[in-house]
Amino acid sequence: MAESIGTEHVSDWVEVTQTMIDTFAEATGDHQFIHVNPELAAKTPFGGTIAHGFLTLSLMPMLAKTAGAPAIEGVKMGVNYGGNKTRFITPVRSGKRVRSRFKLLKFTERHPGVWEQVQEYTLEIEGEEKPALIAEWIALIYV
């Protein structure tokens with residue numbers, strides 16, 4: 001896996017729908033009007049509803065499946081360990097398409113059978129100059 005450090009993989013595009021946003025609001029209890037009330041959100045500088053920042057972060061596993069990164073042999077499971085950095089840069093408006101770029105930054109053995117994988121996760125918004133978010137994300141990989 002060390003030979004893959006610095007390589008980047010790009011996911012397919014996915015539309016962030018109002019249904020996704022509403023479902024996320026229900027799951028998290030975050031019903032702020034900028035996410036769930038199109039009429040009120042239209043009066044804000046966003047011009048409409050926007051996805052929760054944590055929704056955009058939580059798209060990471062789904063998008064990773066389509067990014068074409070090489071599989072790690074012998075994996076029993078992987079778990080989120082956390083992030084070193086996460087920045088929500090540009091809001092994702094309802095109806096916009098996003099895709100992710102994953103760049104492997106580090107892959108080291110913490111102890112026998114457990115590896116630490118650090119990736120840069122950048123979520124791009126179709127037609128936007130700046131990304132929605134950039135995160136340095138850590139996963140523990142058990143083999």
# chains A, B, ... in the order shown; residues from 1 in each chain; ligands from 1
$ residues_around --residues "Ala69 of chain A" --least-positions-apart "3" --cutoff "12 Å" --atoms "only C-alpha atoms" --output "JSON, numbers by chain"
{"A": [1, 4, 5, 7, 8, 9, 10, 11, 63, 64, 65, 66, 72, 101, 102, 103, 104, 119]}
$ closest_atom_pairs --of "segment 83-105 of chain A" --to "segment 127-130 of chain A" --cutoff "10 Å" --atoms "only C-alpha atoms" --output "Markdown table"
| residue | atom | partner | partner_atom | distance |
| --- | --- | --- | --- | --- |
| A:Ile89 | CA | A:Lys130 | CA | 7.2 |
| A:Thr90 | CA | A:Lys130 | CA | 6.5 |
| A:Pro91 | CA | A:Lys130 | CA | 9.8 |
| A:Val92 | CA | A:Glu128 | CA | 9.6 |
| A:Lys96 | CA | A:Gly127 | CA | 8.9 |
| A:Arg97 | CA | A:Gly127 | CA | 8.8 |
| A:Val98 | CA | A:Gly127 | CA | 9.5 |
$ atom_distance --atom1 "atom CA of Thr108 of chain A" --atom2 "atom CA of Ala139 of chain A"
11.0 Å
$ residues_around --residues "Glu136 of chain A" --least-positions-apart "6" --cutoff "6 Å" --atoms "only C-alpha atoms" --output "compact mmCIF listing (two decimals) with N, CA and C atoms, in the first residue's frame"
# COMPACT_ATOMS: atom_id res chain seq x y z
N GLY A 83 -10.73 12.65 12.43
CA GLY A 83 -10.13 13.54 11.45
C GLY A 83 -9.09 14.44 12.08
N ASN A 84 -8.06 14.73 11.32
CA ASN A 84 -7.06 15.70 11.75
C ASN A 84 -7.53 17.11 11.42
N LYS A 85 -8.18 17.25 10.26
CA LYS A 85 -8.67 18.55 9.80
C LYS A 85 -9.96 18.33 9.03
N GLN A 119 -6.35 9.74 4.69
CA GLN A 119 -6.67 10.19 3.35
C GLN A 119 -7.14 11.64 3.37
N GLU A 120 -6.82 12.35 2.30
CA GLU A 120 -7.42 13.65 2.09
C GLU A 120 -8.70 13.42 1.30
$ closest_residue --among "A:Lys76, A:His111, A:Arg93, A:Arg99" --to "Met60 of chain A" --atoms "only C-alpha atoms"
A:Arg99
$ residues_around --residues "His52 of chain A" --least-positions-apart "4" --cutoff "9 Å" --atoms "only C-alpha atoms" --output "PDB file with N, CA and C atoms, in the first residue's frame"
ATOM      1  N   ILE A  21     -31.419  15.541   2.168  1.00  0.00           N
ATOM      2  CA  ILE A  21     -31.244  16.558   3.212  1.00  0.00           C
ATOM      3  C   ILE A  21     -32.301  16.394   4.300  1.00  0.00           C
ATOM      4  N   PHE A  24     -31.619  13.303   6.404  1.00  0.00           N
ATOM      5  CA  PHE A  24     -30.503  13.565   7.322  1.00  0.00           C
ATOM      6  C   PHE A  24     -30.977  14.412   8.502  1.00  0.00           C
ATOM      7  N   ALA A  25     -31.821  15.409   8.224  1.00  0.00           N
ATOM      8  CA  ALA A  25     -32.368  16.251   9.292  1.00  0.00           C
ATOM      9  C   ALA A  25     -33.161  15.408  10.287  1.00  0.00           C
ATOM     10  N   ASP A  30     -31.413  17.926  13.289  1.00  0.00           N
ATOM     11  CA  ASP A  30     -30.998  19.265  12.860  1.00  0.00           C
ATOM     12  C   ASP A  30     -31.963  19.754  11.791  1.00  0.00           C
ATOM     13  N   ILE A  34     -32.412  26.571   7.024  1.00  0.00           N
ATOM     14  CA  ILE A  34     -31.595  26.637   5.801  1.00  0.00           C
ATOM     15  C   ILE A  34     -31.451  25.271   5.132  1.00  0.00           C
ATOM     16  N   HIS A  35     -31.787  24.223   5.868  1.00  0.00           N
ATOM     17  CA  HIS A  35     -31.725  22.870   5.313  1.00  0.00           C
ATOM     18  C   HIS A  35     -33.093  22.365   4.853  1.00  0.00           C
ATOM     19  N   THR A  56     -22.532  16.210   4.075  1.00  0.00           N
ATOM     20  CA  THR A  56     -21.507  16.140   3.023  1.00  0.00           C
ATOM     21  C   THR A  56     -20.316  15.303   3.472  1.00  0.00           C
ATOM     22  N   LEU A  57     -19.978  15.382   4.752  1.00  0.00           N
ATOM     23  CA  LEU A  57     -18.900  14.542   5.276  1.00  0.00           C
ATOM     24  C   LEU A  57     -19.305  13.075   5.260  1.00  0.00           C
ATOM     25  N   PRO A  91     -21.123  25.807   0.709  1.00  0.00           N
ATOM     26  CA  PRO A  91     -22.357  25.036   0.923  1.00  0.00           C
ATOM     27  C   PRO A  91     -22.779  24.290  -0.343  1.00  0.00           C
ATOM     28  N   VAL A  92     -23.362  23.120  -0.145  1.00  0.00           N
ATOM     29  CA  VAL A  92     -23.907  22.338  -1.257  1.00  0.00           C
ATOM     30  C   VAL A  92     -25.408  22.599  -1.313  1.00  0.00           C
TER      31      VAL A  92
END
$ atom_distance --atom1 "atom CA of Val143 of chain A" --atom2 "atom CA of Tyr121 of chain A"
23.0 Å
$ closest_residue --among "A:Ile141, A:Ile50, A:Leu105, A:Leu40" --to "Asp22 of chain A" --atoms "only C-alpha atoms"
A:Ile50
$ residues_around --residues "Met20 of chain A" --least-positions-apart "5" --cutoff "9 Å" --atoms "only C-alpha atoms" --output "ChimeraX atom specification"
/A:25,51,55,94
$ select_by_dssp --residues "segment 80-142 of chain A" --states "strand (DSSP E)" --output "count of residues only"
46
$ residues_around --residues "segment 37-39 of chain A" --least-positions-apart "6" --cutoff "9 Å" --atoms "only C-alpha atoms" --output "mmCIF file with C-alpha atoms, in the first residue's frame"
data_model
loop_
_atom_site.group_PDB
_atom_site.id
_atom_site.type_symbol
_atom_site.label_atom_id
_atom_site.label_comp_id
_atom_site.auth_asym_id
_atom_site.auth_seq_id
_atom_site.Cartn_x
_atom_site.Cartn_y
_atom_site.Cartn_z
ATOM 1 C CA HIS A 31 -34.038 20.965 11.330
ATOM 2 C CA GLY A 47 -30.832 31.299 -2.366
ATOM 3 C CA GLY A 48 -32.301 27.960 -1.326
ATOM 4 C CA THR A 49 -31.778 25.013 0.960
#
$ closest_residue --among "A:Ala41, A:Ile125, A:Thr17, A:Ile138" --to "Lys106 of chain A" --atoms "only C-alpha atoms"
A:Ile138
$ closest_residue --among "A:Leu59, A:Gly74, A:Gly95, A:Gly29" --to "Glu126 of chain A" --atoms "only C-alpha atoms"
A:Gly95
$ closest_residue --among "A:Ile134, A:Thr122, A:Gly113, A:Val36" --to "Glu73 of chain A" --atoms "only C-alpha atoms"
A:Gly113
$ select_by_dssp --residues "chain A" --states "alpha helix (DSSP H)" --output "PyMOL selection string"
chain A and resi 18-28+33-36+38-41+53-58+60-65
$ closest_residue --among "A:Ala67, A:Arg87, A:Gly78, A:Ser58" --to "Val16 of chain A" --atoms "only C-alpha atoms"
A:Ser58
$ decode --residues "segment 91-121 of chain A" --atoms "N, CA, C and O atoms" --output "compact mmCIF listing (two decimals), in the first residue's frame"
# COMPACT_ATOMS: atom_id res chain seq x y z
N PRO A 91 -21.12 25.81 0.71
CA PRO A 91 -22.36 25.04 0.92
C PRO A 91 -22.78 24.29 -0.34
O PRO A 91 -22.59 24.78 -1.45
N VAL A 92 -23.36 23.12 -0.15
CA VAL A 92 -23.91 22.34 -1.26
C VAL A 92 -25.41 22.60 -1.31
O VAL A 92 -26.14 22.21 -0.40
N ARG A 93 -25.84 23.25 -2.37
CA ARG A 93 -27.26 23.54 -2.53
C ARG A 93 -28.01 22.30 -2.96
O ARG A 93 -27.48 21.45 -3.70
N SER A 94 -29.23 22.19 -2.50
CA SER A 94 -30.08 21.07 -2.89
C SER A 94 -30.16 21.00 -4.41
O SER A 94 -30.32 22.02 -5.09
N GLY A 95 -30.02 19.79 -4.94
CA GLY A 95 -30.07 19.57 -6.38
C GLY A 95 -28.72 19.60 -7.07
O GLY A 95 -28.62 19.24 -8.24
N LYS A 96 -27.67 19.99 -6.37
CA LYS A 96 -26.32 20.01 -6.95
C LYS A 96 -25.72 18.61 -6.93
O LYS A 96 -26.03 17.78 -6.08
N ARG A 97 -24.81 18.38 -7.87
CA ARG A 97 -24.07 17.11 -7.90
C ARG A 97 -22.70 17.32 -7.29
O ARG A 97 -22.08 18.37 -7.46
N VAL A 98 -22.24 16.29 -6.57
CA VAL A 98 -20.93 16.32 -5.92
C VAL A 98 -20.16 15.04 -6.29
O VAL A 98 -20.75 14.03 -6.65
N ARG A 99 -18.86 15.14 -6.18
CA ARG A 99 -18.00 13.96 -6.29
C ARG A 99 -16.81 14.19 -5.38
O ARG A 99 -16.53 15.30 -4.94
N SER A 100 -16.12 13.10 -5.09
CA SER A 100 -15.00 13.22 -4.15
C SER A 100 -13.69 12.83 -4.81
O SER A 100 -13.64 12.03 -5.74
N ARG A 101 -12.65 13.42 -4.26
CA ARG A 101 -11.28 13.05 -4.59
C ARG A 101 -10.67 12.52 -3.30
O ARG A 101 -10.75 13.17 -2.26
N PHE A 102 -10.09 11.35 -3.40
CA PHE A 102 -9.43 10.73 -2.26
C PHE A 102 -7.94 10.63 -2.58
O PHE A 102 -7.57 10.06 -3.60
N LYS A 103 -7.12 11.18 -1.71
CA LYS A 103 -5.67 11.06 -1.87
C LYS A 103 -5.11 10.40 -0.63
O LYS A 103 -5.30 10.88 0.49
N LEU A 104 -4.43 9.27 -0.84
CA LEU A 104 -3.82 8.56 0.28
C LEU A 104 -2.59 9.34 0.75
O LEU A 104 -1.67 9.59 -0.03
N LEU A 105 -2.60 9.73 2.02
CA LEU A 105 -1.49 10.50 2.60
C LEU A 105 -0.55 9.63 3.43
O LEU A 105 0.65 9.90 3.49
N LYS A 106 -1.12 8.60 4.07
CA LYS A 106 -0.32 7.81 5.00
C LYS A 106 -0.96 6.44 5.17
O LYS A 106 -2.19 6.33 5.21
N PHE A 107 -0.15 5.42 5.26
CA PHE A 107 -0.63 4.07 5.54
C PHE A 107 0.45 3.38 6.35
O PHE A 107 1.49 2.98 5.82
N THR A 108 0.23 3.31 7.67
CA THR A 108 1.26 2.76 8.56
C THR A 108 0.67 1.73 9.50
O THR A 108 -0.49 1.83 9.92
N GLU A 109 1.50 0.77 9.86
CA GLU A 109 1.06 -0.27 10.78
C GLU A 109 1.19 0.25 12.21
O GLU A 109 2.28 0.64 12.64
N ARG A 110 0.08 0.29 12.91
CA ARG A 110 0.07 0.76 14.31
C ARG A 110 0.56 -0.34 15.24
O ARG A 110 1.30 -0.09 16.19
N HIS A 111 0.07 -1.55 15.00
CA HIS A 111 0.55 -2.76 15.67
C HIS A 111 0.09 -3.92 14.81
O HIS A 111 -0.70 -3.73 13.88
N PRO A 112 0.57 -5.14 15.07
CA PRO A 112 0.26 -6.25 14.18
C PRO A 112 -1.24 -6.39 13.89
O PRO A 112 -2.06 -6.45 14.80
N GLY A 113 -1.56 -6.36 12.61
CA GLY A 113 -2.94 -6.54 12.18
C GLY A 113 -3.80 -5.28 12.15
O GLY A 113 -4.96 -5.34 11.75
N VAL A 114 -3.24 -4.14 12.56
CA VAL A 114 -4.00 -2.88 12.55
C VAL A 114 -3.17 -1.80 11.85
O VAL A 114 -2.07 -1.48 12.28
N TRP A 115 -3.76 -1.27 10.80
CA TRP A 115 -3.10 -0.24 10.00
C TRP A 115 -3.88 1.06 10.11
O TRP A 115 -5.11 1.05 10.20
N GLU A 116 -3.15 2.17 10.10
CA GLU A 116 -3.77 3.49 10.11
C GLU A 116 -3.67 4.07 8.69
O GLU A 116 -2.59 4.17 8.13
N GLN A 117 -4.83 4.42 8.16
CA GLN A 117 -4.91 4.99 6.81
C GLN A 117 -5.36 6.44 6.95
O GLN A 117 -6.41 6.71 7.56
N VAL A 118 -4.59 7.36 6.40
CA VAL A 118 -4.97 8.78 6.42
C VAL A 118 -5.16 9.20 4.96
O VAL A 118 -4.27 9.03 4.14
N GLN A 119 -6.35 9.74 4.69
CA GLN A 119 -6.67 10.19 3.35
C GLN A 119 -7.14 11.64 3.37
O GLN A 119 -7.77 12.07 4.33
N GLU A 120 -6.82 12.35 2.30
CA GLU A 120 -7.42 13.65 2.09
C GLU A 120 -8.70 13.42 1.30
O GLU A 120 -8.68 12.77 0.26
N TYR A 121 -9.80 13.92 1.82
CA TYR A 121 -11.12 13.78 1.21
C TYR A 121 -11.56 15.18 0.79
O TYR A 121 -11.74 16.05 1.63
